[in-house]
Amino acid sequence: MSEAQIAFSKFDFDPSLTLDSGQVFRWSALDESRREWIGVVRQNLLRVTKEGAFVVGGSNPDSELIQSYFSFDEDLDSIFSTFPPDEILESAKLQLRGLRLLRQDPWECLISFVCSINCNIPSIRLKIENLSRRFGRKIDTSLDLRANAFPSAESLAKASKRDLLACKLGFRWKYVKFIARKVAAGNLDLERLTSVPYYDAFPELISEVSGKTFGVGPKVADCTLLYSLHKTEAFPIDVWILRCLRKYYGKEIPDNNSESLTPKKYFTVSDSMRRRFGKYAGYAQLYLYVMMRGESNHSM
DNA sequence: TCCCAGGTCCTAC
DNA sequence: GTAGGACCTGGG
């Protein structure tokens, strides 16, 4: 095994909770104990435990990249101390100690959540794996397994409908291709959004064709902003969070009995949660989401 | 065989 | 603005 790039001992970190939280789809547990995980981070293959990360394939990333990926620059207790008194969140914090928000590659994250549209988690993973195997660069590793980096925007922009369908993208193929072309052409600069405030970055991510949105709606945009660009004000609303809010924060949800989530309602609910939880609302979202999945025992 | 899934688009009001 | 249906496809 390679030497540890970075030791995690001084950080509040639970690999199982973090890497199987639904914010990322490229990690697998190496055994039943779920203590060791293997996954792709940009061009590298990493083995991760509670104690540290080991590079087992690809180039040699500096430890800053890994620190940043796990957001070790942020202290979870300090973040929770910014929330208003909240029994539900306090309970989630106790249950989910060591769950961290990641800083993924924004391009991969965006396409991953496009792949998530009307899909369950195993199916999302399959799509991302298929795309990587077919279009991504192979990662050299001494381990007895195959690993590929996530494909570039250029390679997906050039991909044919036939090839994208072969990756089991279904109707999402046209969204992926459209967004890939936009990024490859330089009309959407995701890295630049790192330094752009949440409210300005959000509309830039919503892709449009002649005035109409196409492929990236508010949920996918918010997931990308939160899980990769680290806009912690983002509060993605999906069916699980909606169920959670109805159950615990019912008063803040307009027309509480309707299942549908119109764009206007999305912003109303999301903004209301941003006002409630503040600058780190996205951390609250992550904890509430994982708690809800755990309650229903329906994850994976 | 049928039903559902970390949404989004389209159409008809 | 809003509700309701369609959408590819793998897995229960």
# chains A, B, ... in the order shown; residues from 1 in each chain; ligands from 1

$ closest_atom_pairs --of "chain A" --to "chain C" --cutoff "10 Å" --atoms "only C-alpha atoms (C1' of nucleotides)" --output "tab-separated table"
residue	atom	partner	partner_atom	distance
A:Asn118	CA	C:DC7	C1'	9.0
A:Cys119	CA	C:DT9	C1'	9.1
A:Asn120	CA	C:DG10	C1'	9.4
A:Pro122	CA	C:DG10	C1'	8.7
A:Ser123	CA	C:DG10	C1'	6.6
A:Leu126	CA	C:DG10	C1'	9.2
A:Leu165	CA	C:DC8	C1'	8.9
A:Lys168	CA	C:DT9	C1'	7.0
A:Leu169	CA	C:DC8	C1'	7.2
A:Gly170	CA	C:DC8	C1'	3.8
A:Phe171	CA	C:DC8	C1'	5.3
A:Arg172	CA	C:DC8	C1'	8.0
A:Trp173	CA	C:DC8	C1'	9.5
A:Ser258	CA	C:DA3	C1'	9.8
A:Ser260	CA	C:DA3	C1'	7.9
A:Leu261	CA	C:DT2	C1'	9.9
A:Thr262	CA	C:DT2	C1'	7.4
A:Pro263	CA	C:DG1	C1'	9.4
A:Lys264	CA	C:DG1	C1'	8.1

$ closest_atom_pairs --of "chain B" --to "chain A" --cutoff "10 Å" --atoms "only C-alpha atoms (C1' of nucleotides)" --output "JSON lines"
{"residue": "B:DC4", "atom": "C1'", "partner": "A:Asn120", "partner_atom": "CA", "distance": 8.8}
{"residue": "B:DA5", "atom": "C1'", "partner": "A:Cys119", "partner_atom": "CA", "distance": 4.3}
{"residue": "B:DG6", "atom": "C1'", "partner": "A:Asp238", "partner_atom": "CA", "distance": 5.8}
{"residue": "B:DG7", "atom": "C1'", "partner": "A:Ile117", "partner_atom": "CA", "distance": 4.7}
{"residue": "B:DT8", "atom": "C1'", "partner": "A:Gly217", "partner_atom": "CA", "distance": 6.6}
{"residue": "B:DC9", "atom": "C1'", "partner": "A:Phe214", "partner_atom": "CA", "distance": 7.8}

$ atom_distance --atom1 "atom CA of A:Ser296" --atom2 "atom CA of A:Arg276"
25.0 Å

$ select_by_dssp --residues "stretch 103-261 of chain A" --states "strand (DSSP E)" --output "number ranges by chain"
A: 208-209, 212-213

$ write_last_selection --atoms "N, CA, C and O atoms" --output "short mmCIF file (atom, residue, chain, number, x, y, z; two decimals), in the first residue's frame"
data_model
loop_
_atom_site.label_atom_id
_atom_site.label_comp_id
_atom_site.auth_asym_id
_atom_site.auth_seq_id
_atom_site.Cartn_x
_atom_site.Cartn_y
_atom_site.Cartn_z
N GLU A 208 -30.52 26.94 -20.21
CA GLU A 208 -31.67 27.41 -20.98
C GLU A 208 -31.48 27.21 -22.46
O GLU A 208 -30.38 27.32 -22.99
N VAL A 209 -32.57 26.88 -23.14
CA VAL A 209 -32.59 26.86 -24.59
C VAL A 209 -33.70 27.82 -25.01
O VAL A 209 -34.85 27.60 -24.64
N LYS A 212 -36.17 28.81 -22.43
CA LYS A 212 -36.79 27.77 -21.61
C LYS A 212 -35.72 26.90 -20.96
O LYS A 212 -34.70 26.59 -21.57
N THR A 213 -35.97 26.51 -19.72
CA THR A 213 -34.97 25.70 -19.01
C THR A 213 -34.87 24.32 -19.67
O THR A 213 -35.83 23.81 -20.24
#

$ atom_distance --atom1 "atom CA of A:Ala29" --atom2 "atom CA of A:Ser142"
18.1 Å

$ atom_distance --atom1 "atom CA of A:Ser68" --atom2 "atom CA of A:Gln285"
20.1 Å

$ select_by_dssp --residues "stretch 47-200 of chain A" --states "alpha helix (DSSP H)" --output "PyMOL selection string"
chain A and resi 63-69+76-80+87-95+106-115+121-135+153-158+161-166+173-184+198-200

$ closest_residue --among "A:Ile179, A:Glu36, A:Ala184, A:Leu229" --to "A:Ala201" --atoms "only C-alpha atoms"
A:Leu229

$ decode --residues "stretch 122-133 of chain A" --atoms "all heavy atoms" --output "CSV table (one decimal), in the first residue's frame"
chain,number,residue,atom,x,y,z
A,122,PRO,N,-28.8,3.3,-6.7
A,122,PRO,CA,-28.1,2.3,-7.5
A,122,PRO,C,-28.1,2.7,-9.0
A,122,PRO,O,-27.1,2.5,-9.7
A,122,PRO,CB,-28.8,1.0,-7.2
A,122,PRO,CG,-29.5,1.3,-5.9
A,122,PRO,CD,-29.9,2.7,-5.9
A,123,SER,N,-29.2,3.2,-9.5
A,123,SER,CA,-29.3,3.5,-10.9
A,123,SER,C,-28.4,4.7,-11.3
A,123,SER,O,-27.8,4.7,-12.4
A,123,SER,CB,-30.7,3.7,-11.2
A,123,SER,OG,-30.9,3.9,-12.6
A,124,ILE,N,-28.3,5.7,-10.4
A,124,ILE,CA,-27.5,6.8,-10.6
A,124,ILE,C,-26.0,6.4,-10.7
A,124,ILE,O,-25.3,6.7,-11.6
A,124,ILE,CB,-27.6,7.9,-9.5
A,124,ILE,CG1,-29.1,8.3,-9.3
A,124,ILE,CG2,-26.7,9.1,-9.7
A,124,ILE,CD1,-29.3,9.0,-8.0
A,125,ARG,N,-25.6,5.5,-9.7
A,125,ARG,CA,-24.3,5.0,-9.7
A,125,ARG,C,-23.9,4.3,-11.0
A,125,ARG,O,-22.8,4.4,-11.5
A,125,ARG,CB,-24.1,4.1,-8.5
A,125,ARG,CG,-24.2,4.8,-7.2
A,125,ARG,CD,-24.2,3.8,-6.0
A,125,ARG,NE,-22.9,3.1,-6.0
A,125,ARG,CZ,-21.9,3.5,-5.1
A,125,ARG,NH1,-22.1,4.4,-4.3
A,125,ARG,NH2,-20.8,2.8,-5.1
A,126,LEU,N,-24.9,3.5,-11.5
A,126,LEU,CA,-24.6,2.7,-12.7
A,126,LEU,C,-24.4,3.7,-13.9
A,126,LEU,O,-23.4,3.4,-14.7
A,126,LEU,CB,-25.9,1.9,-13.0
A,126,LEU,CG,-25.8,1.0,-14.2
A,126,LEU,CD1,-24.8,-0.1,-14.1
A,126,LEU,CD2,-27.2,0.5,-14.6
A,127,LYS,N,-25.1,4.7,-14.0
A,127,LYS,CA,-25.0,5.6,-15.1
A,127,LYS,C,-23.6,6.3,-15.1
A,127,LYS,O,-22.9,6.4,-16.1
A,127,LYS,CB,-26.1,6.7,-15.0
A,127,LYS,CG,-27.5,6.2,-15.4
A,127,LYS,CD,-28.5,7.2,-15.1
A,127,LYS,CE,-29.9,6.8,-15.6
A,127,LYS,NZ,-30.4,5.5,-15.0
A,128,ILE,N,-23.2,6.7,-13.9
A,128,ILE,CA,-21.9,7.4,-13.7
A,128,ILE,C,-20.8,6.5,-14.0
A,128,ILE,O,-19.8,6.8,-14.7
A,128,ILE,CB,-21.8,8.1,-12.3
A,128,ILE,CG1,-22.9,9.1,-12.2
A,128,ILE,CG2,-20.4,8.6,-12.1
A,128,ILE,CD1,-23.1,9.6,-10.7
A,129,GLU,N,-20.9,5.3,-13.5
A,129,GLU,CA,-19.9,4.2,-13.8
A,129,GLU,C,-19.8,4.0,-15.3
A,129,GLU,O,-18.7,3.9,-15.8
A,129,GLU,CB,-20.2,3.0,-13.0
A,129,GLU,CG,-19.2,1.9,-13.1
A,129,GLU,CD,-17.9,2.2,-12.5
A,129,GLU,OE1,-17.8,3.1,-11.6
A,129,GLU,OE2,-16.9,1.6,-13.0
A,130,ASN,N,-20.9,3.8,-15.9
A,130,ASN,CA,-20.9,3.5,-17.4
A,130,ASN,C,-20.3,4.7,-18.1
A,130,ASN,O,-19.5,4.4,-19.1
A,130,ASN,CB,-22.3,3.4,-17.9
A,130,ASN,CG,-22.9,2.0,-17.4
A,130,ASN,OD1,-22.2,1.1,-17.0
A,130,ASN,ND2,-24.3,1.9,-17.4
A,131,LEU,N,-20.6,5.9,-17.8
A,131,LEU,CA,-20.0,7.1,-18.5
A,131,LEU,C,-18.5,7.1,-18.3
A,131,LEU,O,-17.7,7.3,-19.2
A,131,LEU,CB,-20.6,8.4,-17.9
A,131,LEU,CG,-22.0,8.8,-18.4
A,131,LEU,CD1,-22.4,10.0,-17.6
A,131,LEU,CD2,-22.0,9.0,-19.9
A,132,SER,N,-18.0,6.8,-17.1
A,132,SER,CA,-16.6,6.8,-16.8
A,132,SER,C,-15.9,5.7,-17.5
A,132,SER,O,-14.8,5.9,-18.1
A,132,SER,CB,-16.4,6.7,-15.3
A,132,SER,OG,-17.0,7.7,-14.6
A,133,ARG,N,-16.5,4.5,-17.6
A,133,ARG,CA,-15.8,3.4,-18.2
A,133,ARG,C,-15.7,3.7,-19.7
A,133,ARG,O,-14.7,3.3,-20.4
A,133,ARG,CB,-16.6,2.1,-18.0
A,133,ARG,CG,-16.4,1.6,-16.6
A,133,ARG,CD,-16.7,0.2,-16.4
A,133,ARG,NE,-16.4,-0.2,-15.1
A,133,ARG,CZ,-16.3,-1.5,-14.7
A,133,ARG,NH1,-16.6,-2.4,-15.6
A,133,ARG,NH2,-16.0,-1.8,-13.5
